[in-house]
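What follows is start_34.cif (mmCIF, C-alpha atoms).
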data_model
loop_
_atom_site.label_atom_id
_atom_site.label_comp_id
_atom_site.auth_asym_id
_atom_site.auth_seq_id
_atom_site.Cartn_x
_atom_site.Cartn_y
_atom_site.Cartn_z
CA MET A 1 0.00 0.00 0.00
CA ALA A 2 1.11 3.46 -0.65
CA ASN A 3 2.00 5.52 2.35
CA LEU A 4 1.23 9.16 2.97
CA THR A 5 -2.06 8.93 1.04
CA PHE A 6 -4.48 6.10 0.63
CA GLU A 7 -3.64 3.35 -1.79
CA PRO A 8 -5.74 0.18 -1.88
CA SER A 9 -3.39 -2.55 -0.85
CA SER A 10 -3.49 -4.32 1.32
CA MET A 11 -6.61 -5.03 3.28
CA THR A 12 -4.65 -6.56 6.11
CA TYR A 13 -2.13 -3.79 6.65
CA ASP A 14 -2.38 -0.21 7.73
CA PRO A 15 -2.24 1.37 4.29
CA MET A 16 -1.56 5.00 4.98
CA GLN A 17 1.37 5.51 7.26
CA MET A 18 4.86 6.68 6.33
CA TRP A 19 7.40 4.88 8.43
CA PRO A 20 10.55 7.03 8.50
CA ASN A 21 13.72 5.25 9.50
CA ALA A 22 17.18 6.23 10.60
CA THR A 23 18.24 7.07 7.05
CA ASP A 24 15.67 9.88 7.00
CA GLN A 25 14.82 9.31 3.34
CA PRO A 26 12.68 11.90 1.50
CA LEU A 27 8.91 11.49 1.47
CA LEU A 28 6.99 10.32 -1.57
CA SER A 29 5.34 12.95 -3.74
CA ILE A 30 1.79 12.02 -4.78
CA ASP A 31 -0.12 13.13 -7.84
CA THR A 32 -3.28 14.75 -6.43
CA LYS A 33 -5.53 13.32 -9.13
CA THR A 34 -4.26 9.77 -9.48
CA GLN A 35 -2.65 9.35 -6.05
CA GLN A 36 0.23 7.62 -7.79
CA PRO A 37 3.86 8.33 -6.91
CA THR A 38 5.29 11.00 -9.22
CA GLU A 39 8.67 11.52 -7.65
CA LYS A 40 10.52 8.93 -5.68
CA PRO A 41 14.08 8.13 -4.73
CA GLY A 42 15.73 5.39 -6.69
CA PRO A 43 15.28 2.94 -8.06
CA TYR A 44 17.46 1.50 -5.34
CA TYR A 45 16.32 -2.15 -5.43
CA TRP A 46 17.10 -4.21 -8.49
CA ALA A 47 13.51 -5.40 -9.08
CA ALA A 48 11.89 -1.99 -8.59
CA ALA A 49 11.47 -1.06 -12.26
CA ASP A 50 9.97 -4.44 -13.20
CA LEU A 51 7.60 -4.39 -10.24
CA GLU A 52 6.41 -0.90 -11.12
CA ARG A 53 5.66 -1.91 -14.70
CA PHE A 54 3.84 -5.00 -13.47
CA GLN A 55 1.77 -2.96 -11.01
CA GLN A 56 0.77 -0.44 -13.68
CA TRP A 57 -0.33 -3.29 -15.95
CA TYR A 58 -2.11 -5.38 -13.35
CA GLU A 59 -4.08 -2.68 -11.51
CA HIS A 60 -6.30 -2.10 -14.57
CA GLY A 61 -7.80 -5.56 -14.17
CA HIS A 62 -7.46 -5.99 -10.44
CA GLY A 63 -10.82 -4.44 -9.57
CA TYR A 64 -12.73 -6.77 -11.90
CA CYS A 65 -10.85 -9.88 -10.78
CA ALA A 66 -11.25 -8.97 -7.11
CA SER A 67 -14.97 -8.25 -7.55
CA ILE A 68 -15.63 -11.65 -9.12
CA ILE A 69 -13.65 -13.43 -6.42
CA CYS A 70 -15.50 -11.50 -3.71
CA VAL A 71 -18.94 -12.42 -5.07
CA LEU A 72 -18.02 -16.10 -5.37
CA GLY A 73 -16.29 -16.05 -1.99
CA ILE A 74 -19.26 -14.46 -0.24
CA ILE A 75 -21.54 -17.16 -1.67
CA ALA A 76 -19.07 -19.91 -0.74
CA ASN A 77 -18.71 -18.72 2.84
CA GLY A 78 -22.49 -18.41 3.11
CA LEU A 79 -22.79 -22.05 2.07
CA ASN A 80 -20.15 -22.99 4.62
CA ILE A 81 -22.15 -21.34 7.38
CA ILE A 82 -25.40 -23.01 6.32
CA VAL A 83 -23.87 -26.49 6.18
CA LEU A 84 -21.67 -26.27 9.26
CA THR A 85 -24.49 -25.02 11.49
CA ARG A 86 -26.85 -27.93 10.73
CA LYS A 87 -27.81 -29.97 13.77
CA ASN A 88 -25.97 -33.08 12.62
CA MET A 89 -22.78 -31.03 12.04
CA ILE A 90 -22.52 -29.32 15.40
CA SER A 91 -19.10 -29.78 17.03
CA ALA A 92 -16.33 -27.66 18.48
CA THR A 93 -14.31 -27.80 15.26
CA ASN A 94 -17.27 -26.89 13.08
CA THR A 95 -18.23 -24.06 15.43
CA ILE A 96 -14.81 -22.47 14.88
CA LEU A 97 -15.04 -23.13 11.13
CA SER A 98 -18.44 -21.40 11.06
CA ALA A 99 -17.00 -18.33 12.80
CA LEU A 100 -14.09 -18.40 10.36
CA ALA A 101 -16.54 -18.41 7.45
CA VAL A 102 -18.33 -15.39 8.94
CA ALA A 103 -15.05 -13.46 9.27
CA ASP A 104 -13.89 -14.38 5.77
CA GLY A 105 -17.26 -13.49 4.28
CA LEU A 106 -17.31 -10.09 6.01
CA THR A 107 -13.78 -9.38 4.79
CA MET A 108 -14.82 -10.03 1.20
CA LEU A 109 -18.09 -8.16 1.69
CA ALA A 110 -16.09 -5.06 2.64
CA TYR A 111 -13.59 -5.46 -0.18
CA PHE A 112 -16.22 -5.77 -2.93
CA PRO A 113 -17.50 -2.13 -2.90
CA PHE A 114 -13.93 -0.98 -2.32
CA ALA A 115 -12.77 -2.74 -5.50
CA ILE A 116 -15.71 -1.34 -7.48
CA LEU A 117 -15.25 2.26 -6.31
CA TYR A 118 -11.51 2.51 -6.23
CA TYR A 119 -10.49 0.39 -9.23
CA CYS A 120 -13.45 -0.10 -11.56
CA LEU A 121 -14.98 3.39 -11.23
CA ASN A 122 -11.64 5.02 -10.39
CA ASP A 123 -13.38 7.32 -7.90
CA ARG A 124 -10.62 8.21 -5.44
CA ASN A 125 -11.05 11.82 -4.39
CA SER A 126 -14.76 12.35 -3.63
CA TRP A 127 -15.95 12.90 -0.08
CA GLY A 128 -18.33 9.92 -0.02
CA VAL A 129 -15.80 7.44 -1.34
CA ASN A 130 -13.15 8.52 1.14
CA GLN A 131 -15.61 8.28 4.00
CA PHE A 132 -16.29 4.72 2.92
CA LEU A 133 -12.55 4.09 2.69
CA LEU A 134 -12.22 5.26 6.28
CA PHE A 135 -14.76 2.62 7.30
CA TYR A 136 -13.17 0.01 5.05
CA VAL A 137 -9.68 0.45 6.47
CA CYS A 138 -10.94 -0.08 10.02
CA PHE A 139 -13.47 -2.83 9.33
CA SER A 140 -11.43 -4.94 6.89
CA VAL A 141 -8.38 -5.03 9.15
CA LEU A 142 -10.57 -6.10 12.08
CA ALA A 143 -12.42 -8.81 10.12
CA HIS A 144 -9.29 -10.24 8.54
CA SER A 145 -7.41 -10.18 11.84
CA ILE A 146 -10.24 -12.15 13.45
CA SER A 147 -10.01 -14.63 10.59
CA ILE A 148 -6.28 -15.05 11.16
CA TRP A 149 -6.58 -15.74 14.88
CA LEU A 150 -9.55 -18.05 14.41
CA THR A 151 -7.31 -20.12 12.15
CA VAL A 152 -4.75 -20.27 14.97
CA THR A 153 -7.52 -21.26 17.39
CA LEU A 154 -8.63 -24.01 15.04
CA ALA A 155 -5.09 -25.43 14.85
CA ILE A 156 -4.71 -25.32 18.65
CA PHE A 157 -8.01 -27.13 19.18
CA ARG A 158 -7.13 -29.82 16.68
CA TYR A 159 -3.70 -30.37 18.18
CA LEU A 160 -5.11 -30.72 21.69
CA PHE A 161 -7.76 -33.13 20.46
CA ILE A 162 -5.39 -35.57 18.76
CA ARG A 163 -2.52 -35.10 21.22
CA TYR A 164 -4.66 -35.83 24.28
CA PRO A 165 -7.44 -38.13 22.99
CA ARG A 166 -8.63 -39.15 26.46
CA HIS A 167 -9.27 -35.53 27.42
CA GLY A 168 -10.25 -34.28 23.97
CA GLN A 169 -13.95 -33.97 24.75
CA THR A 170 -13.18 -31.78 27.75
CA LEU A 171 -10.36 -29.69 26.29
CA CYS A 172 -12.13 -29.15 22.98
CA SER A 173 -15.75 -28.82 24.01
CA ILE A 174 -18.27 -26.73 22.12
CA GLU A 175 -18.54 -24.35 25.05
CA ARG A 176 -14.80 -23.72 25.01
CA ALA A 177 -14.90 -23.22 21.26
CA LYS A 178 -17.56 -20.53 21.64
CA LEU A 179 -15.62 -18.89 24.46
CA SER A 180 -12.46 -18.90 22.32
CA ILE A 181 -14.31 -17.20 19.47
CA ILE A 182 -15.53 -14.46 21.82
CA LEU A 183 -12.03 -13.97 23.25
CA VAL A 184 -10.54 -13.75 19.74
CA PHE A 185 -13.06 -11.07 18.79
CA PHE A 186 -12.44 -8.85 21.80
CA ALA A 187 -8.66 -9.32 21.79
CA THR A 188 -8.50 -8.44 18.09
CA LEU A 189 -10.76 -5.45 18.65
CA LEU A 190 -8.34 -4.22 21.31
CA VAL A 191 -5.31 -4.70 19.05
CA CYS A 192 -7.02 -2.78 16.23
CA ILE A 193 -7.78 0.34 18.34
CA PRO A 194 -4.62 2.14 17.08
CA ASN A 195 -5.75 1.42 13.54
CA PHE A 196 -9.17 2.95 14.25
CA MET A 197 -7.54 6.07 15.70
CA GLY A 198 -4.84 6.54 13.12
CA HIS A 199 -6.79 7.56 10.01
CA ASN A 200 -8.97 10.40 8.83
CA VAL A 201 -10.21 12.12 5.68
CA LYS A 202 -8.27 15.24 4.75
CA THR A 203 -9.40 18.13 2.55
CA MET A 204 -6.91 19.29 -0.08
CA ARG A 205 -6.73 21.48 -3.19
CA ASP A 206 -5.52 20.28 -6.56
CA GLU A 207 -3.65 22.30 -9.16
CA ASN A 208 -6.96 23.75 -10.41
CA ASN A 209 -7.83 24.89 -6.87
CA GLU A 210 -10.67 22.38 -6.70
CA THR A 211 -11.50 20.64 -3.44
CA MET A 212 -10.48 17.02 -3.16
CA TYR A 213 -10.53 14.53 -0.31
CA ILE A 214 -7.80 12.12 0.66
CA MET A 215 -8.10 9.23 3.09
CA SER A 216 -4.74 9.02 4.87
CA GLY A 217 -2.96 8.28 8.09
CA ARG A 218 -3.07 10.96 10.75
CA GLN A 219 0.27 12.68 11.25
CA ASP A 220 -0.94 16.04 12.52
CA SER A 221 0.68 15.60 15.93
CA TYR A 222 3.40 13.64 17.65
CA PHE A 223 0.71 11.59 19.41
CA TYR A 224 -0.69 10.31 16.12
CA GLU A 225 2.79 9.60 14.81
CA ILE A 226 3.29 7.34 17.81
CA ILE A 227 -0.12 5.76 17.25
CA GLY A 228 0.86 5.10 13.64
CA ARG A 229 4.10 3.40 14.62
CA VAL A 230 2.37 1.29 17.27
CA ASN A 231 -0.29 0.32 14.74
CA PHE A 232 2.29 -0.72 12.18
CA TRP A 233 4.18 -3.03 14.51
CA MET A 234 1.05 -4.51 16.04
CA ILE A 235 -0.39 -5.29 12.61
CA SER A 236 2.94 -6.60 11.32
CA VAL A 237 3.78 -8.75 14.33
CA LEU A 238 0.53 -9.66 16.12
CA VAL A 239 -1.67 -9.98 13.03
CA LYS A 240 0.81 -11.41 10.54
CA LEU A 241 4.13 -12.86 11.59
CA PHE A 242 3.38 -14.25 15.05
CA PRO A 243 0.21 -16.13 13.94
CA CYS A 244 2.09 -17.55 10.95
CA PHE A 245 4.89 -18.70 13.25
CA LEU A 246 2.38 -20.38 15.56
CA LEU A 247 0.65 -22.08 12.63
CA ILE A 248 3.94 -23.42 11.29
CA VAL A 249 4.80 -24.89 14.70
CA LEU A 250 1.31 -26.33 15.14
CA SER A 251 1.38 -27.82 11.63
CA ILE A 252 4.61 -29.65 12.44
CA LEU A 253 3.14 -30.93 15.69
CA LEU A 254 -0.04 -32.06 13.93
CA ILE A 255 1.95 -33.97 11.32
CA ARG A 256 3.93 -35.71 14.05
CA CYS A 257 0.75 -36.66 15.89
CA MET A 258 -0.72 -38.07 12.69
CA GLN A 259 2.40 -40.14 12.11
CA GLU A 260 2.23 -41.48 15.65
CA ALA A 261 -1.43 -42.38 15.18
CA GLU A 262 -0.64 -44.20 11.93
CA LEU A 263 2.15 -46.14 13.66
CA ARG A 264 -0.22 -47.05 16.47
CA ARG A 265 -2.77 -48.42 14.01
CA LYS A 266 -0.12 -50.54 12.29
CA ASN A 267 0.99 -51.99 15.60
CA LEU A 268 -2.60 -52.85 16.49
CA ARG A 269 -3.06 -54.64 13.18
CA LYS A 270 0.14 -56.60 13.68
CA GLN A 271 -0.72 -57.61 17.21
CA ALA A 272 -4.32 -58.46 16.20
CA ARG A 273 -5.41 -58.41 19.79
CA PRO A 274 -8.82 -60.01 20.38
CA ASN A 275 -9.99 -57.11 22.52
CA SER A 276 -9.10 -54.44 19.96
CA LYS A 277 -12.14 -53.04 18.17
CA ASP A 278 -12.35 -52.21 14.49
CA GLY A 279 -14.26 -49.11 15.49
CA ASP A 280 -11.19 -47.73 17.21
CA THR A 281 -9.04 -47.85 14.08
CA SER A 282 -11.92 -46.58 11.98
CA ARG A 283 -12.33 -43.64 14.35
CA ASP A 284 -8.58 -42.98 14.19
CA ARG A 285 -8.71 -42.97 10.40
CA LYS A 286 -11.58 -40.50 10.40
CA THR A 287 -9.76 -38.31 12.92
CA ASN A 288 -6.69 -38.28 10.68
CA ARG A 289 -8.77 -37.45 7.59
CA THR A 290 -10.29 -34.49 9.40
CA THR A 291 -6.88 -33.43 10.65
CA ARG A 292 -5.43 -33.60 7.11
CA MET A 293 -8.18 -31.36 5.82
CA LEU A 294 -7.71 -28.82 8.61
CA LEU A 295 -3.96 -29.03 8.11
CA THR A 296 -4.49 -28.15 4.45
CA VAL A 297 -6.53 -25.13 5.49
CA VAL A 298 -3.77 -24.02 7.85
CA ILE A 299 -0.91 -24.57 5.39
CA LEU A 300 -2.68 -22.67 2.60
CA PHE A 301 -3.29 -19.85 5.04
CA VAL A 302 0.41 -19.67 5.94
CA ILE A 303 1.41 -19.74 2.27
CA CYS A 304 -0.92 -16.82 1.52
CA GLU A 305 -0.19 -14.67 4.58
CA LEU A 306 3.47 -15.20 5.42
CA PRO A 307 4.99 -13.47 2.34
CA GLN A 308 3.03 -10.30 3.02
CA GLY A 309 4.01 -10.41 6.66
CA ILE A 310 7.70 -10.68 5.78
CA VAL A 311 7.56 -7.89 3.21
CA GLY A 312 5.60 -5.70 5.60
CA LEU A 313 8.18 -6.25 8.32
CA LEU A 314 10.93 -5.28 5.89
CA VAL A 315 9.11 -2.00 5.30
CA GLY A 316 9.50 -1.19 8.98
CA ILE A 317 13.16 -2.25 8.98
CA LEU A 318 14.36 -0.86 5.65
CA GLY A 319 12.18 2.24 5.48
CA ASN A 320 10.25 4.27 2.96
CA GLN A 321 12.17 3.44 -0.19
CA PHE A 322 11.59 -0.30 0.21
CA ASN A 323 7.90 0.48 0.75
CA ILE A 324 7.71 2.55 -2.42
CA GLU A 325 9.70 0.27 -4.71
CA ILE A 326 8.78 -3.20 -3.44
CA TYR A 327 5.73 -3.28 -1.17
CA TYR A 328 3.64 -0.70 -3.04
CA PRO A 329 3.73 -2.50 -6.44
CA LEU A 330 2.91 -5.85 -4.81
CA GLY A 331 -0.10 -4.54 -2.88
CA GLU A 332 -2.82 -5.67 -5.27
CA VAL A 333 -1.19 -9.11 -5.62
CA PHE A 334 -1.21 -9.56 -1.86
CA ASP A 335 -4.88 -8.56 -1.84
CA ILE A 336 -5.94 -11.02 -4.53
CA ILE A 337 -4.05 -13.86 -2.83
CA ALA A 338 -5.72 -13.07 0.51
CA LEU A 339 -9.15 -12.97 -1.17
CA LEU A 340 -8.56 -16.34 -2.81
CA ASN A 341 -7.57 -17.79 0.54
CA ASN A 342 -10.73 -16.36 2.13
CA GLY A 343 -12.94 -18.08 -0.42
CA ILE A 344 -11.24 -21.43 -1.01
CA ASN A 345 -12.35 -23.30 2.11
CA PHE A 346 -15.66 -24.36 0.56
CA ILE A 347 -13.76 -26.22 -2.16
CA LEU A 348 -11.50 -27.86 0.42
CA TYR A 349 -14.46 -29.02 2.50
CA CYS A 350 -16.27 -30.44 -0.53
CA THR A 351 -13.24 -32.32 -1.84
CA MET A 352 -11.87 -33.59 1.48
CA SER A 353 -14.90 -34.14 3.73
CA LYS A 354 -17.61 -36.68 2.93
CA GLN A 355 -19.67 -35.44 5.88
CA PHE A 356 -19.73 -31.93 4.44
CA ARG A 357 -20.55 -33.18 0.93
CA ASP A 358 -23.40 -35.35 2.17
CA THR A 359 -24.94 -32.55 4.20
CA PHE A 360 -24.55 -30.10 1.31
CA VAL A 361 -26.25 -32.46 -1.14
CA ILE A 362 -29.14 -33.13 1.24
CA LEU A 363 -29.67 -29.42 1.83
CA PHE A 364 -29.42 -28.15 -1.74
CA PHE A 365 -30.21 -31.17 -3.95
CA LYS A 366 -33.28 -32.61 -2.22
CA PRO A 367 -34.64 -34.34 -5.35
CA LEU A 368 -31.72 -36.77 -5.09
CA ARG A 369 -33.23 -38.06 -1.85
CA LEU A 370 -36.47 -39.30 -3.46
CA GLY A 371 -35.15 -42.75 -4.31
CA GLY A 372 -34.69 -45.25 -1.52
CA SER A 373 -31.11 -46.08 -2.52
CA THR A 374 -30.22 -42.41 -2.77
CA ARG A 375 -31.74 -41.75 0.64
CA GLY A 376 -29.64 -44.52 2.11
CA ARG A 377 -26.53 -43.31 0.43
CA PHE A 378 -26.77 -39.78 1.77
CA SER A 379 -28.07 -40.54 5.25
CA LEU A 380 -26.18 -38.81 8.03
CA VAL A 381 -25.33 -40.16 11.45
CA PRO A 382 -27.71 -38.61 14.01
CA ASN A 383 -26.16 -36.25 16.48
CA HIS A 384 -26.91 -38.26 19.63
CA SER A 385 -24.01 -36.63 21.45
CA SER A 386 -22.17 -33.35 21.27
CA SER A 387 -18.90 -35.23 21.58
CA ILE A 388 -16.53 -34.23 18.82
CA THR A 389 -15.39 -37.85 18.58
CA LYS A 390 -18.63 -38.54 16.70
CA THR A 391 -19.10 -38.03 12.98
CA THR A 392 -20.15 -34.43 13.46
CA ASP A 393 -16.68 -33.11 12.61
CA LEU A 394 -15.91 -32.50 8.98
#
Please express the file's structure as C-alpha cells.
Amino acid sequence: MANLTFEPSSMTYDPMQMWPNATDQPLLSIDTKTQQPTEKPGPYYWAAADLERFQQWYEHGHGYCASIICVLGIIANGLNIIVLTRKNMISATNTILSALAVADGLTMLAYFPFAILYYCLNDRNSWGVNQFLLFYVCFSVLAHSISIWLTVTLAIFRYLFIRYPRHGQTLCSIERAKLSIILVFFATLLVCIPNFMGHNVKTMRDENNETMYIMSGRQDSYFYEIIGRVNFWMISVLVKLFPCFLLIVLSILLIRCMQEAELRRKNLRKQARPNSKDGDTSRDRKTNRTTRMLLTVVILFVICELPQGIVGLLVGILGNQFNIEIYYPLGEVFDIIALLNNGINFILYCTMSKQFRDTFVILFFKPLRLGGSTRGRFSLVPNHSSSITKTTDL
C-alpha cells in the first residue's frame, strides 16, 4: 500500500502511514488526481522497475478480478455457514469453522464495494468514497485479523484433540470453542484500536484549486505519529508474523501426531489383539482425515499470509524506499491472494470431507433423496451426542 495517502493494498495492513527510519529518506510525492507516486528516490532495489511496470499493468484488471472473487467467496462462505451449522454437524471444530466463514465473508463483503469504487470506477477523491474508505480500512483489518486468529484457534483445538485423545472432549468442548471465538473477537478489537484512531479524511486542493478529499494516516501531531508506529508493529507482528509462526509450529506438531497415530494403528493390526475393536481404528482414520483437511486449510493460510508479513516487516526495517519500490507494487497481488484464501475453504471441505458433501447435497439437492437407494446413500449419522469424537466433525 502506498503511504502518505491512501492506496488500496493491502486489506490486512495499515495502508496509509509513512514509516521514516534512521536514514531519513525523502517522502513520496503524490499526484493529487491519481494518487500515484510522481517523484521517488531510486530505483534502489534491483527489481523496482519491473515491479512498477507490473503494477501499472495489473491494476487495470485488479478491480474486476477482485470483484468476481468476492462475489463467489461471499456465496461460498455463506454455504459454509449453512452447512456447518446444521444440527448433525454441530461440534467444536465446526463451530470455529463457522466463525471463520463469517469473518472471511465479512472481509470479502467489505472489499467488494472498495474494488468497485476505487479500481473499476476510479473514484478516489470524492468525499463519499473517502468516508467509505475510512470505514473500510478499520473494518477490513478487524475482520481479517479475526479470521487469522480463528485459524490459529482451530489449529490449537485440533492439536489438543489428537494429542490428548482421552481428554479431547473436555479440552475441545463446544462451550470452550464458543468462548475462544468471543475472546478472539475482543482481543483483536483491542489490538485494532490504534488502527481505528490513526486515520482520517483530509481536505486538499488540486492544481486547479478544486477541493479534493484524501483518506490518509493521521500525522498532525506527535501523538498520532506514535499511534501510527504502534499500529504498524502490532499489525505486522501480532496480526501477521506471530500467527504464521504459531501455525507453522502447530502444523509440524499435527503432522507428528498423525504419524504417531498411523504407527499405532499398524501396531494394532500386527498384534491383532482379540480385545481391539475395528471401530477404534476406523475412528482414528476419520480423525486423521479431518486433521489432514484442517492441516491443508492451515498450510494454505500460511502460504498466503506469510509473504506479506515478511515484506511488511521489511518495510518497517528498511524504510520508505523499500515500501515505495517493493511493497507498493505488490499490494494488489497480496490482496488477490488473501481474497482467494478467504474463499477457497468451501472447495476444500467439498473435496476432502464426505460429511460436508453429504450434508450439502441433502440441503441443496433434495430431489436426489427421493429414491430409496439415494436416501440410504446420503443418510447422516444422528447427532446423539455433542462429543466431537462422533461423525459431526468435517
Q) Quick one: which residues end up in the PyMOL selection byres ((chain A and resi 132) around 10) for this structure, as a list in words? A) Ala110, Pro113, Phe114, Leu117, Trp127, Gly128, Val129, Asn130, Gln131, Leu133, Leu134, Phe135, Tyr136, Val137, Val201 and Met215 of chain A
Q | Hits from the PyMOL selection byres ((chain A and resi 55) around 12), listed as a PyMOL selection string | A | chain A and resi 1+9+36+48-54+56-62+324-334
Q.
I'd like to see the residues matched by the PyMOL selection byres ((chain A and resi 340) around 12) on this file, and ideally I'd get them as a ChimeraX atom specification.
A. /A:65-74,76-77,104-105,107-108,300-301,303-305,333-339,341-347
**Q.** 9 Å contact set for A:Val298, only C-alpha atoms, chain neighbours under 3 positions out, as a list in words
**A.**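 The residues that qualify are Thr151, Val152, Leu154, Ala155, Leu247, Ile248, Ser251, Met293, Leu294, Leu295, Phe301, Val302 and Ile303 of chain A.
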Export C-alpha atoms of the chosen residues as a PDB file, keeping the file's coordinate frame?
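Contents of result.pdb, freshly written:
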ATOM      1  CA  THR A 151      -7.310 -20.120  12.150  1.00  0.00           C
ATOM      2  CA  VAL A 152      -4.750 -20.270  14.970  1.00  0.00           C
ATOM      3  CA  LEU A 154      -8.630 -24.010  15.040  1.00  0.00           C
ATOM      4  CA  ALA A 155      -5.090 -25.430  14.850  1.00  0.00           C
ATOM      5  CA  LEU A 247       0.650 -22.080  12.630  1.00  0.00           C
ATOM      6  CA  ILE A 248       3.940 -23.420  11.290  1.00  0.00           C
ATOM      7  CA  SER A 251       1.380 -27.820  11.630  1.00  0.00           C
ATOM      8  CA  MET A 293      -8.180 -31.360   5.820  1.00  0.00           C
ATOM      9  CA  LEU A 294      -7.710 -28.820   8.610  1.00  0.00           C
ATOM     10  CA  LEU A 295      -3.960 -29.030   8.110  1.00  0.00           C
ATOM     11  CA  PHE A 301      -3.290 -19.850   5.040  1.00  0.00           C
ATOM     12  CA  VAL A 302       0.410 -19.670   5.940  1.00  0.00           C
ATOM     13  CA  ILE A 303       1.410 -19.740   2.270  1.00  0.00           C
TER      14      ILE A 303
END
Q: Provide the atom CA of A:Ile310 to atom CA of A:Ser221 distance in Å, to one decimal place.
A: 29.0 Å
Q: For each of A:Ile116, A:Leu150, A:Cys192, A:Val184, take the minimum atom-to-atom distance to A:Gly228, counting only C-alpha atoms, then give the residue where this is smallest.
A: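 Closest candidate: A:Cys192.
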Q.
I want to know what sits within 9 Å of A:Arg289, based on only C-alpha atoms, with residues of the same chain fewer than 6 positions away left out; could you give that as a VMD selection string?
A. chain A and resid 352 to 353 394
Go ahead and save the picked residues with C-alpha atoms, as a CSV table (one decimal), in the frame of the given file.
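Output contents, as saved in out.csv:
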chain,number,residue,atom,x,y,z
A,352,MET,CA,-11.9,-33.6,1.5
A,353,SER,CA,-14.9,-34.1,3.7
A,394,LEU,CA,-15.9,-32.5,9.0
Q: State, in Å with one decimal place, the distance from atom CA of A:Phe242 to atom CA of A:Ile148.
A: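 Computing the Euclidean distance for atom CA of A:Phe242 and atom CA of A:Ile148 yields 10.4 Å.
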Can you complete the atoms of stretch 234-246 of chain A to N, CA, C and O atoms and list them as a PDB file, in the frame of the given file?
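Wrote it out as part08.pdb, contents follow:
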ATOM      1  N   MET A 234       2.057  -3.566  15.554  1.00  0.00           N
ATOM      2  CA  MET A 234       1.050  -4.510  16.040  1.00  0.00           C
ATOM      3  C   MET A 234       0.446  -5.293  14.881  1.00  0.00           C
ATOM      4  O   MET A 234       0.246  -6.511  14.977  1.00  0.00           O
ATOM      5  N   ILE A 235       0.152  -4.596  13.773  1.00  0.00           N
ATOM      6  CA  ILE A 235      -0.390  -5.290  12.610  1.00  0.00           C
ATOM      7  C   ILE A 235       0.652  -6.234  12.029  1.00  0.00           C
ATOM      8  O   ILE A 235       0.352  -7.382  11.658  1.00  0.00           O
ATOM      9  N   SER A 236       1.886  -5.784  11.923  1.00  0.00           N
ATOM     10  CA  SER A 236       2.940  -6.600  11.320  1.00  0.00           C
ATOM     11  C   SER A 236       3.236  -7.841  12.148  1.00  0.00           C
ATOM     12  O   SER A 236       3.367  -8.943  11.609  1.00  0.00           O
ATOM     13  N   VAL A 237       3.345  -7.655  13.469  1.00  0.00           N
ATOM     14  CA  VAL A 237       3.780  -8.750  14.330  1.00  0.00           C
ATOM     15  C   VAL A 237       2.601  -9.579  14.838  1.00  0.00           C
ATOM     16  O   VAL A 237       2.543 -10.798  14.645  1.00  0.00           O
ATOM     17  N   LEU A 238       1.617  -8.934  15.482  1.00  0.00           N
ATOM     18  CA  LEU A 238       0.530  -9.660  16.120  1.00  0.00           C
ATOM     19  C   LEU A 238      -0.499 -10.200  15.136  1.00  0.00           C
ATOM     20  O   LEU A 238      -1.188 -11.184  15.430  1.00  0.00           O
ATOM     21  N   VAL A 239      -0.648  -9.553  13.988  1.00  0.00           N
ATOM     22  CA  VAL A 239      -1.670  -9.980  13.030  1.00  0.00           C
ATOM     23  C   VAL A 239      -1.077 -10.811  11.903  1.00  0.00           C
ATOM     24  O   VAL A 239      -1.796 -11.590  11.283  1.00  0.00           O
ATOM     25  N   LYS A 240       0.206 -10.700  11.662  1.00  0.00           N
ATOM     26  CA  LYS A 240       0.810 -11.410  10.540  1.00  0.00           C
ATOM     27  C   LYS A 240       1.844 -12.434  10.973  1.00  0.00           C
ATOM     28  O   LYS A 240       1.618 -13.633  10.903  1.00  0.00           O
ATOM     29  N   LEU A 241       2.996 -11.965  11.417  1.00  0.00           N
ATOM     30  CA  LEU A 241       4.130 -12.860  11.590  1.00  0.00           C
ATOM     31  C   LEU A 241       3.950 -13.840  12.752  1.00  0.00           C
ATOM     32  O   LEU A 241       4.225 -15.037  12.606  1.00  0.00           O
ATOM     33  N   PHE A 242       3.522 -13.357  13.895  1.00  0.00           N
ATOM     34  CA  PHE A 242       3.380 -14.250  15.050  1.00  0.00           C
ATOM     35  C   PHE A 242       2.340 -15.345  14.800  1.00  0.00           C
ATOM     36  O   PHE A 242       2.610 -16.525  15.095  1.00  0.00           O
ATOM     37  N   PRO A 243       1.149 -15.043  14.259  1.00  0.00           N
ATOM     38  CA  PRO A 243       0.210 -16.130  13.940  1.00  0.00           C
ATOM     39  C   PRO A 243       0.778 -17.125  12.938  1.00  0.00           C
ATOM     40  O   PRO A 243       0.560 -18.332  13.076  1.00  0.00           O
ATOM     41  N   CYS A 244       1.493 -16.638  11.924  1.00  0.00           N
ATOM     42  CA  CYS A 244       2.090 -17.550  10.950  1.00  0.00           C
ATOM     43  C   CYS A 244       3.113 -18.461  11.605  1.00  0.00           C
ATOM     44  O   CYS A 244       3.196 -19.659  11.304  1.00  0.00           O
ATOM     45  N   PHE A 245       3.910 -17.892  12.523  1.00  0.00           N
ATOM     46  CA  PHE A 245       4.890 -18.700  13.250  1.00  0.00           C
ATOM     47  C   PHE A 245       4.186 -19.779  14.071  1.00  0.00           C
ATOM     48  O   PHE A 245       4.595 -20.958  14.076  1.00  0.00           O
ATOM     49  N   LEU A 246       3.131 -19.403  14.781  1.00  0.00           N
ATOM     50  CA  LEU A 246       2.380 -20.380  15.560  1.00  0.00           C
ATOM     51  C   LEU A 246       1.792 -21.472  14.675  1.00  0.00           C
ATOM     52  O   LEU A 246       1.819 -22.665  15.031  1.00  0.00           O
TER      53      LEU A 246
END
